[in-house]
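Below you'll find the structure, written out as structure tokens, and then a few comments.
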Number of protein chains: 2
Amino acid sequence: MRAARYHGRCDVRIEDVAEPDPGPDEVKLRVAFNGICGSDLHEYYSGPSACPTTPHPMTGAQIPVILGHELSGVVTAIGARVTDVHEGDQVAVEPLVTCGHCASCRSGRYHLCSRLAIHGLSTGGGGLAEYTVVNRSMVHRLPPNVTLAHGALVEPMSVALHAVRRAGAQAGQTAVVHGAGPIGIGALLALRAQNVDVIVVEPSPVRRDSAVALGAVHALDPSAVDVVTAIRQLTGGLGAAVAIEAAGAPASLQTALATTAIQGTVVVVAVHERPVELPPLSLLAGELTITGSVAYCNDFPAVIESMATGAYPVDPWVSTISLDDLVDFGFPALRDGDAVKILVDLGAP
Amino acid sequence: MRAARYHGRCDVRIEDVAEPDPGPDEVKLRVAFNGICGSDLHEYYSGPSACPTTPHPMTGAQIPVILGHELSGVVTAIGARVTDVHEGDQVAVEPLVTCGHCASCRSGRYHLCSRLAIHGLSTGGGGLAEYTVVNRSMVHRLPPNVTLAHGALVEPMSVALHAVRRAGAQAGQTAVVHGAGPIGIGALLALRAQNVDVIVVEPSPVRRDSAVALGAVHALDPSAVDVVTAIRQLTGGLGAAVAIEAAGAPASLQTALATTAIQGTVVVVAVHERPVELPPLSLLAGELTITGSVAYCNDFPAVIESMATGAYPVDPWVSTISLDDLVDFGFPALRDGDAVKILVDLGAP
């Protein structure tokens, strides 16, 4: 089968590899779509980071590994002990591979598993391939009115929903979403579904337009306006109840702290690679809260249910390419902000 | 009457000033005890900061002002419209003077009032005087088994309780309290009352001894041990559920982040004067929360009730001096960590 394998920085190759067979607790999928994630870009341009260069402690995988952890597909085979998933089922894959035994797993916080692996980064297999196998516990069936393209969006939309849930905004409040990449867009959609007004801060005009089309009341360009002053004005001088930091720039976090209302919450879902200088007095003055948000934990079902009600339109922010265009077109387009979300069509019939 | 008035940095004078008269909604107190607070030290050694050098927007006060915002006293006169406080009542004073009309006040978060003044810093009057007058809404009656010395501790213990409430620790969990000054000691006592195990981090041997005497399971000296390693070991490698940062040192906040368990909470109650560099990845990795805690809001009644049950012993951490010893003994002893909490006895009969 054809697969995109990561060999190292700026070295992803479309190769022919053997089709995997499902173990007794696994299901085999014909992959339909796989989204390109910011962490894929990070591996490609700055890695290896999440892709192991020595055998992963849980999975034993090491590079080269197949990329792709935002995937949907059709079940083509099931292992001997799988009884509740069937050939032909259309599914989304929750790619976290967890140990099940550490303190995090035992307390139901499997996304913080101390030995976590991610299918498509550190298991060897992944969604940028014609076929893949995953544990039965990792697949979520899609209802008939949720397309396979939507299925590949469940993973990033769950990242966003998890962040929004951690923020705890209430209907009628205002939230600021910093960054209108896929996670920012997902946060916007999740907040709109809760009747929270959303201001988006995003330098890319393509992404600002998407945000407005999807319900943002304002989309501010931080390279053109004084965002702190603008948000203060738009919120009656009080600041926003909630900020979702999905941009990953130090200035975004500082802006978020400066524009959040008393006792408000700033959720950091973007990965910040460098330390950020925070003025703790700003925390103190308003009893602000900063909290991190990692992946998702029991968030897939709610996203799939919302998709079934139409809460996740794919226009105008999702586009589709073929596997052959991954390296030469997909990665640079996302790096340069020329697209919001790109799905790779793996050609399931 | 005699009063300690702040004229500027390193300039506090014991002076004779006129006794204040209560307005129609005010009560007049013969002050019993007034505690010296870290913010008094800050004004004295580094101010003026909270003491206004131009007329305060709400109170009109400016230096020289009488210091002292941790006070207890006996009611000696009441204003014409005061009906539910009586001469002879023993009371603690909640020194926040709020506007009542801003968004914070209207949402019940009066401690975050946008025009806040503090009696004993920015009203002109204060507790380091033989008499003072405050609005009736600022006094809390002490039950018969709560002494006037305890009454002067209600304010700092409420700061600590507010921080502990914001942390949300549960019985059986472990908390780390950074700094065993009065707020750290108050946090320790509030956490012990909730059956939370407490590790204290504090360089002063006097304060460490107090912490152990008051129920800390461990008191670590950050100048002698690797605190991060020690706390990891004491918590089975997981870190503590909660940290209360009551030290105000950048290293304390960084240590707190490094030793808090997944999804744990770091409450910053100390005032950090300088920006602190935070690694956001540490937030992300464990979904930690950092939040600020400011003063208190509806916390006085719970502290007074706990005091009535004996939850706030004053040995060995509280000592008493006379007003004449305030400047030459009280301020330097606290600055140098030679004492934990000093009350000034104002001589109520």
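Lettering and numbering for the structure tokens are positional, with chains as A, B, ... in the shown order, residues counted from 1 in each chain, and ligands counted from 1 in the shown order.
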Least-squares superpose chain B onto chain A - every C-alpha atom, paired in order - and show me the moved coordinates as a compact mmCIF listing (two decimals) with C-alpha atoms, in the first residue's frame.
# COMPACT_ATOMS: atom_id res chain seq x y z
CA MET B 1 -0.02 0.01 0.00
CA ARG B 2 1.04 3.64 -0.40
CA ALA B 3 1.95 5.60 2.73
CA ALA B 4 3.64 8.86 3.72
CA ARG B 5 6.57 7.97 5.92
CA TYR B 6 8.56 10.39 8.03
CA HIS B 7 12.30 9.76 7.85
CA GLY B 8 13.46 12.98 9.48
CA ARG B 9 13.35 16.72 9.14
CA CYS B 10 12.13 17.80 5.69
CA ASP B 11 12.13 14.17 4.64
CA VAL B 12 8.67 12.66 4.14
CA ARG B 13 8.47 10.04 1.39
CA ILE B 14 5.48 8.47 -0.32
CA GLU B 15 6.46 4.81 -0.26
CA ASP B 16 5.08 1.36 -0.87
CA VAL B 17 4.85 -0.56 2.40
CA ALA B 18 3.17 -3.78 3.51
CA GLU B 19 -0.49 -3.64 4.50
CA PRO B 20 -0.92 -4.15 8.25
CA ASP B 21 -3.01 -7.01 9.67
CA PRO B 22 -5.29 -6.50 12.67
CA GLY B 23 -4.39 -8.17 15.97
CA PRO B 24 -7.16 -9.80 18.03
CA ASP B 25 -8.33 -6.51 19.62
CA GLU B 26 -7.76 -4.38 16.54
CA VAL B 27 -9.68 -3.22 13.51
CA LYS B 28 -8.30 -2.63 10.05
CA LEU B 29 -9.44 0.45 8.16
CA ARG B 30 -9.36 1.55 4.57
CA VAL B 31 -8.43 5.17 5.27
CA ALA B 32 -10.75 7.74 3.71
CA PHE B 33 -9.35 11.13 4.75
CA ASN B 34 -6.49 12.29 6.96
CA GLY B 35 -6.05 15.91 8.00
CA ILE B 36 -2.66 17.58 8.15
CA CYS B 37 -2.03 18.84 11.68
CA GLY B 38 0.19 21.57 13.02
CA SER B 39 2.23 18.89 14.78
CA ASP B 40 2.85 17.19 11.41
CA LEU B 41 4.21 20.52 10.15
CA HIS B 42 6.31 20.82 13.27
CA GLU B 43 7.80 17.34 12.71
CA TYR B 44 8.41 18.09 9.07
CA TYR B 45 10.04 21.50 9.41
CA SER B 46 11.55 21.32 12.94
CA GLY B 47 11.46 17.66 14.07
CA PRO B 48 11.99 14.93 14.92
CA SER B 49 10.14 15.74 18.10
CA ALA B 50 7.07 13.54 18.62
CA CYS B 51 8.34 10.93 16.15
CA PRO B 52 10.70 8.69 18.15
CA THR B 53 14.33 8.37 17.10
CA THR B 54 14.84 5.52 19.57
CA PRO B 55 12.24 2.79 20.25
CA HIS B 56 9.14 4.31 21.87
CA PRO B 57 8.78 2.94 25.43
CA MET B 58 5.27 1.65 24.81
CA THR B 59 5.06 0.89 21.10
CA GLY B 60 8.68 0.22 20.19
CA ALA B 61 8.23 2.35 17.06
CA GLN B 62 10.99 4.57 15.72
CA ILE B 63 11.50 6.52 12.52
CA PRO B 64 10.72 5.96 9.74
CA VAL B 65 7.06 6.03 10.83
CA ILE B 66 3.84 6.60 8.89
CA LEU B 67 2.36 10.03 9.64
CA GLY B 68 -1.28 11.01 10.08
CA HIS B 69 -3.37 11.12 13.25
CA GLU B 70 -6.56 12.88 12.07
CA LEU B 71 -8.30 10.14 10.16
CA SER B 72 -11.51 8.54 9.11
CA GLY B 73 -12.02 5.28 7.32
CA VAL B 74 -14.12 2.25 6.57
CA VAL B 75 -13.64 -0.96 8.55
CA THR B 76 -12.40 -3.76 6.28
CA ALA B 77 -11.43 -6.40 8.85
CA ILE B 78 -11.75 -6.99 12.57
CA GLY B 79 -9.69 -8.97 15.10
CA ALA B 80 -10.91 -12.17 16.68
CA ARG B 81 -12.00 -10.52 19.95
CA VAL B 82 -13.79 -7.54 18.35
CA THR B 83 -17.55 -8.00 18.50
CA ASP B 84 -19.10 -4.53 18.36
CA VAL B 85 -17.49 -3.03 15.26
CA HIS B 86 -18.21 -4.48 11.86
CA GLU B 87 -16.90 -4.49 8.31
CA GLY B 88 -18.28 -1.53 6.43
CA ASP B 89 -18.63 0.70 9.51
CA GLN B 90 -17.52 4.26 8.87
CA VAL B 91 -15.40 5.51 11.76
CA ALA B 92 -13.25 8.32 13.12
CA VAL B 93 -10.06 7.35 14.93
CA GLU B 94 -9.07 8.73 18.33
CA PRO B 95 -5.33 8.28 17.97
CA LEU B 96 -4.19 8.26 21.62
CA VAL B 97 -2.52 4.99 22.58
CA THR B 98 -2.50 4.82 26.36
CA CYS B 99 -0.95 2.45 28.89
CA GLY B 100 -4.10 2.04 30.95
CA HIS B 101 -2.17 1.63 34.18
CA CYS B 102 -0.51 4.91 35.21
CA ALA B 103 -2.04 7.34 37.69
CA SER B 104 -3.45 9.45 34.85
CA CYS B 105 -5.10 6.49 33.14
CA ARG B 106 -6.44 5.13 36.40
CA SER B 107 -8.08 8.47 37.16
CA GLY B 108 -9.80 8.63 33.79
CA ARG B 109 -7.44 11.22 32.38
CA TYR B 110 -6.07 8.98 29.69
CA HIS B 111 -4.96 11.93 27.55
CA LEU B 112 -2.30 12.67 30.17
CA CYS B 113 -1.01 9.07 30.22
CA SER B 114 2.62 9.09 31.31
CA ARG B 115 3.59 6.74 28.46
CA LEU B 116 1.29 8.15 25.78
CA ALA B 117 1.86 7.30 22.13
CA ILE B 118 -0.03 8.80 19.21
CA HIS B 119 -1.06 6.77 16.20
CA GLY B 120 0.44 8.61 13.25
CA LEU B 121 3.42 9.97 15.19
CA SER B 122 4.78 7.31 17.51
CA THR B 123 3.19 3.94 16.75
CA GLY B 124 4.69 3.24 13.34
CA GLY B 125 1.31 3.27 11.60
CA GLY B 126 -0.81 6.27 10.70
CA GLY B 127 -3.59 7.74 8.66
CA LEU B 128 -1.51 8.95 5.71
CA ALA B 129 -1.71 5.47 4.23
CA GLU B 130 -4.26 3.45 2.35
CA TYR B 131 -4.77 1.10 5.29
CA THR B 132 -4.09 1.21 9.00
CA VAL B 133 -4.92 -0.85 12.10
CA VAL B 134 -5.88 0.51 15.50
CA ASN B 135 -7.25 -0.87 18.75
CA ARG B 136 -11.01 -1.20 18.75
CA SER B 137 -11.20 1.27 21.66
CA MET B 138 -9.81 3.96 19.38
CA VAL B 139 -12.59 3.96 16.80
CA HIS B 140 -15.83 5.94 17.00
CA ARG B 141 -18.61 5.02 14.60
CA LEU B 142 -19.95 7.83 12.45
CA PRO B 143 -23.73 8.14 12.10
CA PRO B 144 -25.11 8.07 8.53
CA ASN B 145 -25.36 11.85 8.22
CA VAL B 146 -21.73 12.51 9.17
CA THR B 147 -19.47 12.24 6.14
CA LEU B 148 -16.04 10.63 6.09
CA ALA B 149 -14.55 14.08 5.40
CA HIS B 150 -16.16 15.27 8.63
CA GLY B 151 -14.82 12.13 10.28
CA ALA B 152 -11.26 13.29 9.65
CA LEU B 153 -12.11 16.57 11.39
CA VAL B 154 -13.32 14.98 14.62
CA GLU B 155 -9.81 14.87 16.06
CA PRO B 156 -8.92 18.58 15.72
CA MET B 157 -12.47 19.61 16.60
CA SER B 158 -12.13 17.54 19.78
CA VAL B 159 -8.90 19.35 20.65
CA ALA B 160 -10.84 22.59 20.31
CA LEU B 161 -13.90 21.38 22.22
CA HIS B 162 -11.68 20.17 25.06
CA ALA B 163 -10.12 23.64 25.30
CA VAL B 164 -13.54 25.32 25.20
CA ARG B 165 -14.85 22.99 27.91
CA ARG B 166 -11.84 23.86 30.08
CA ALA B 167 -12.59 27.56 29.58
CA GLY B 168 -16.11 27.26 30.92
CA ALA B 169 -17.66 30.15 28.99
CA GLN B 170 -21.38 30.77 29.35
CA ALA B 171 -24.03 31.83 26.86
CA GLY B 172 -24.02 35.58 26.30
CA GLN B 173 -20.41 36.03 27.35
CA THR B 174 -17.64 37.10 24.99
CA ALA B 175 -14.63 34.94 24.18
CA VAL B 176 -11.50 35.89 22.28
CA VAL B 177 -9.93 33.20 20.12
CA HIS B 178 -6.30 33.89 19.31
CA GLY B 179 -5.37 32.22 16.06
CA ALA B 180 -7.82 31.00 13.41
CA GLY B 181 -6.07 27.87 12.35
CA PRO B 182 -8.08 24.66 12.62
CA ILE B 183 -8.05 24.65 16.43
CA GLY B 184 -9.08 28.29 16.56
CA ILE B 185 -11.84 27.62 14.03
CA GLY B 186 -12.94 24.60 16.05
CA ALA B 187 -13.02 26.72 19.21
CA LEU B 188 -15.06 29.35 17.38
CA LEU B 189 -17.60 26.74 16.25
CA ALA B 190 -17.81 25.13 19.71
CA LEU B 191 -18.27 28.54 21.36
CA ARG B 192 -20.91 29.62 18.83
CA ALA B 193 -22.77 26.37 19.52
CA GLN B 194 -22.91 27.55 23.16
CA ASN B 195 -24.13 31.02 22.14
CA VAL B 196 -20.90 32.68 23.21
CA ASP B 197 -19.90 35.75 21.16
CA VAL B 198 -16.48 35.31 19.63
CA ILE B 199 -13.80 37.82 18.65
CA VAL B 200 -11.01 36.27 16.59
CA VAL B 201 -7.45 37.63 16.43
CA GLU B 202 -5.58 36.40 13.37
CA PRO B 203 -3.03 37.97 11.01
CA SER B 204 -3.88 35.88 7.92
CA PRO B 205 -6.65 37.47 5.80
CA VAL B 206 -7.72 34.04 4.50
CA ARG B 207 -8.22 32.78 8.04
CA ARG B 208 -9.93 35.98 9.21
CA ASP B 209 -12.42 35.66 6.35
CA SER B 210 -13.11 32.06 7.32
CA ALA B 211 -13.66 33.07 10.93
CA VAL B 212 -16.18 35.76 9.99
CA ALA B 213 -17.98 33.39 7.62
CA LEU B 214 -18.25 30.90 10.48
CA GLY B 215 -19.75 33.31 12.98
CA ALA B 216 -17.06 35.47 14.58
CA VAL B 217 -18.51 38.89 15.45
CA HIS B 218 -15.13 40.51 14.82
CA ALA B 219 -11.87 39.29 13.30
CA LEU B 220 -9.00 41.56 14.27
CA ASP B 221 -5.69 41.78 12.43
CA PRO B 222 -2.96 42.12 15.08
CA SER B 223 -0.56 43.50 12.48
CA ALA B 224 -2.92 46.40 11.72
CA VAL B 225 -4.79 47.30 14.92
CA ASP B 226 -3.97 47.68 18.61
CA VAL B 227 -5.71 44.49 19.67
CA VAL B 228 -5.67 45.26 23.40
CA THR B 229 -7.42 48.58 22.88
CA ALA B 230 -9.83 47.12 20.35
CA ILE B 231 -10.92 44.23 22.59
CA ARG B 232 -11.29 46.55 25.58
CA GLN B 233 -13.56 48.78 23.48
CA LEU B 234 -15.57 45.85 22.12
CA THR B 235 -16.17 44.55 25.66
CA GLY B 236 -17.26 47.77 27.33
CA GLY B 237 -13.87 48.23 28.95
CA LEU B 238 -14.17 44.99 30.91
CA GLY B 239 -12.32 42.49 28.76
CA ALA B 240 -13.58 39.10 27.61
CA ALA B 241 -14.71 36.35 29.96
CA VAL B 242 -12.60 33.78 28.21
CA ALA B 243 -9.63 33.59 25.85
CA ILE B 244 -8.52 30.58 23.85
CA GLU B 245 -4.83 30.89 22.97
CA ALA B 246 -4.55 28.83 19.78
CA ALA B 247 -1.84 30.85 18.07
CA GLY B 248 1.33 29.86 19.89
CA ALA B 249 2.92 33.30 19.77
CA PRO B 250 4.21 34.88 23.00
CA ALA B 251 2.39 38.09 22.10
CA SER B 252 -0.90 36.22 21.89
CA LEU B 253 -0.63 34.98 25.44
CA GLN B 254 0.31 38.41 26.72
CA THR B 255 -2.56 39.99 24.78
CA ALA B 256 -4.93 37.38 26.16
CA LEU B 257 -3.90 38.22 29.71
CA ALA B 258 -4.32 41.93 29.04
CA THR B 259 -7.81 41.57 27.57
CA THR B 260 -9.48 39.05 29.86
CA ALA B 261 -12.02 40.23 32.41
CA ILE B 262 -11.71 39.78 36.17
CA GLN B 263 -11.86 36.12 37.19
CA GLY B 264 -11.70 35.19 33.52
CA THR B 265 -9.88 32.19 32.08
CA VAL B 266 -7.15 31.98 29.47
CA VAL B 267 -6.85 28.48 28.02
CA VAL B 268 -3.52 27.75 26.34
CA VAL B 269 -4.09 25.09 23.73
CA ALA B 270 -1.32 26.12 21.34
CA VAL B 271 2.12 24.68 21.90
CA HIS B 272 4.52 27.39 23.01
CA GLU B 273 8.05 26.31 22.29
CA ARG B 274 9.76 29.14 24.08
CA PRO B 275 9.26 30.42 27.63
CA VAL B 276 6.91 33.38 27.88
CA GLU B 277 7.40 36.21 30.30
CA LEU B 278 4.25 36.72 32.30
CA PRO B 279 3.55 39.60 34.63
CA PRO B 280 2.08 37.85 37.69
CA LEU B 281 0.62 41.13 38.88
CA SER B 282 -1.85 40.93 36.02
CA LEU B 283 -2.93 37.56 37.33
CA LEU B 284 -3.27 38.93 40.81
CA ALA B 285 -5.05 42.10 39.92
CA GLY B 286 -8.02 40.38 38.39
CA GLU B 287 -7.83 36.81 39.76
CA LEU B 288 -7.33 35.59 36.22
CA THR B 289 -6.76 31.92 35.54
CA ILE B 290 -4.37 30.48 32.99
CA THR B 291 -4.74 26.82 32.22
CA GLY B 292 -3.40 24.39 29.68
CA SER B 293 -5.46 22.14 27.45
CA VAL B 294 -4.02 18.94 25.98
CA ALA B 295 -5.68 16.92 23.26
CA TYR B 296 -9.07 15.54 24.35
CA CYS B 297 -10.52 13.14 26.84
CA ASN B 298 -13.98 11.73 26.18
CA ASP B 299 -14.64 14.60 23.77
CA PHE B 300 -15.05 12.67 20.48
CA PRO B 301 -18.70 11.62 21.05
CA ALA B 302 -19.91 15.20 21.59
CA VAL B 303 -18.15 16.42 18.45
CA ILE B 304 -19.63 13.63 16.36
CA GLU B 305 -23.08 14.34 17.77
CA SER B 306 -22.71 18.05 16.97
CA MET B 307 -21.54 17.22 13.47
CA ALA B 308 -24.73 15.22 12.98
CA THR B 309 -26.74 18.37 13.77
CA GLY B 310 -24.81 20.48 11.25
CA ALA B 311 -22.73 22.48 13.73
CA TYR B 312 -19.49 21.92 11.82
CA PRO B 313 -19.71 23.34 8.30
CA VAL B 314 -16.61 22.57 6.21
CA ASP B 315 -16.94 25.61 3.92
CA PRO B 316 -14.93 27.75 3.50
CA TRP B 317 -12.12 26.45 5.65
CA VAL B 318 -11.49 22.84 4.59
CA SER B 319 -9.84 21.80 1.33
CA THR B 320 -8.77 18.42 0.00
CA ILE B 321 -5.62 17.26 -1.80
CA SER B 322 -4.18 13.93 -2.92
CA LEU B 323 -1.36 12.09 -1.17
CA ASP B 324 1.00 13.06 -3.99
CA ASP B 325 0.50 16.74 -3.16
CA LEU B 326 1.23 16.35 0.57
CA VAL B 327 4.85 17.43 0.64
CA ASP B 328 5.06 19.91 -2.21
CA PHE B 329 1.72 21.64 -1.70
CA GLY B 330 0.10 20.68 1.63
CA PHE B 331 2.91 21.44 4.07
CA PRO B 332 3.95 24.81 2.58
CA ALA B 333 0.35 26.02 2.16
CA LEU B 334 -0.32 25.44 5.85
CA ARG B 335 3.03 26.83 6.96
CA ASP B 336 2.34 30.03 5.02
CA GLY B 337 -1.24 30.41 6.25
CA ASP B 338 -2.65 30.04 2.73
CA ALA B 339 -5.07 27.39 3.90
CA VAL B 340 -6.81 26.61 7.18
CA LYS B 341 -7.33 22.85 7.11
CA ILE B 342 -6.21 20.45 4.41
CA LEU B 343 -7.49 16.90 4.24
CA VAL B 344 -5.58 14.29 2.27
CA ASP B 345 -7.93 12.05 0.31
CA LEU B 346 -6.61 8.51 0.66
CA GLY B 347 -9.05 7.23 -1.89
CA ALA B 348 -11.45 4.98 0.00
CA PRO B 349 -14.06 3.90 -2.55
- Please, which residues of stretch 83-262 of chain A, numbered as in this document, come out strand (DSSP E or B) from DSSP, as an MDAnalysis selection string? chainID A and resid 90:93 96:97 117:118 129 131:135 139:141 174:178 197:201 218:220 240:245 260:262
Would you export the selected residues with C-alpha atoms as an mmCIF file, in the first residue's frame, please?
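As written to disk, result17.cif reads:
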data_model
loop_
_atom_site.group_PDB
_atom_site.id
_atom_site.type_symbol
_atom_site.label_atom_id
_atom_site.label_comp_id
_atom_site.auth_asym_id
_atom_site.auth_seq_id
_atom_site.Cartn_x
_atom_site.Cartn_y
_atom_site.Cartn_z
ATOM 1 C CA GLN A 90 -17.512 4.268 8.868
ATOM 2 C CA VAL A 91 -15.399 5.515 11.756
ATOM 3 C CA ALA A 92 -13.249 8.325 13.121
ATOM 4 C CA VAL A 93 -10.055 7.342 14.937
ATOM 5 C CA LEU A 96 -4.175 8.253 21.632
ATOM 6 C CA VAL A 97 -2.511 4.980 22.575
ATOM 7 C CA ALA A 117 1.876 7.277 22.119
ATOM 8 C CA ILE A 118 -0.023 8.780 19.194
ATOM 9 C CA ALA A 129 -1.696 5.471 4.239
ATOM 10 C CA TYR A 131 -4.763 1.097 5.296
ATOM 11 C CA THR A 132 -4.077 1.205 8.997
ATOM 12 C CA VAL A 133 -4.912 -0.856 12.086
ATOM 13 C CA VAL A 134 -5.872 0.501 15.499
ATOM 14 C CA ASN A 135 -7.244 -0.883 18.734
ATOM 15 C CA VAL A 139 -12.589 3.949 16.795
ATOM 16 C CA HIS A 140 -15.824 5.934 17.004
ATOM 17 C CA ARG A 141 -18.625 5.021 14.612
ATOM 18 C CA THR A 174 -17.660 37.112 24.990
ATOM 19 C CA ALA A 175 -14.641 34.963 24.186
ATOM 20 C CA VAL A 176 -11.515 35.905 22.273
ATOM 21 C CA VAL A 177 -9.941 33.213 20.118
ATOM 22 C CA HIS A 178 -6.309 33.912 19.312
ATOM 23 C CA ASP A 197 -19.930 35.754 21.180
ATOM 24 C CA VAL A 198 -16.487 35.318 19.634
ATOM 25 C CA ILE A 199 -13.810 37.829 18.659
ATOM 26 C CA VAL A 200 -11.014 36.284 16.585
ATOM 27 C CA VAL A 201 -7.461 37.636 16.426
ATOM 28 C CA HIS A 218 -15.135 40.495 14.820
ATOM 29 C CA ALA A 219 -11.885 39.288 13.279
ATOM 30 C CA LEU A 220 -9.007 41.562 14.267
ATOM 31 C CA ALA A 240 -13.586 39.107 27.602
ATOM 32 C CA ALA A 241 -14.722 36.371 29.957
ATOM 33 C CA VAL A 242 -12.609 33.779 28.209
ATOM 34 C CA ALA A 243 -9.635 33.599 25.861
ATOM 35 C CA ILE A 244 -8.525 30.582 23.852
ATOM 36 C CA GLU A 245 -4.835 30.893 22.960
ATOM 37 C CA THR A 260 -9.486 39.063 29.856
ATOM 38 C CA ALA A 261 -12.030 40.246 32.417
ATOM 39 C CA ILE A 262 -11.713 39.801 36.169
#
- Enumerate the residues of stretch 137-301 of chain B with a DSSP assignment of helix (DSSP H, G or I), computed from the backbone, and present them as a ChimeraX atom specification. /B:137-138,148-151,154-167,182-193,205-213,227-234,250-258,280-286,300-301
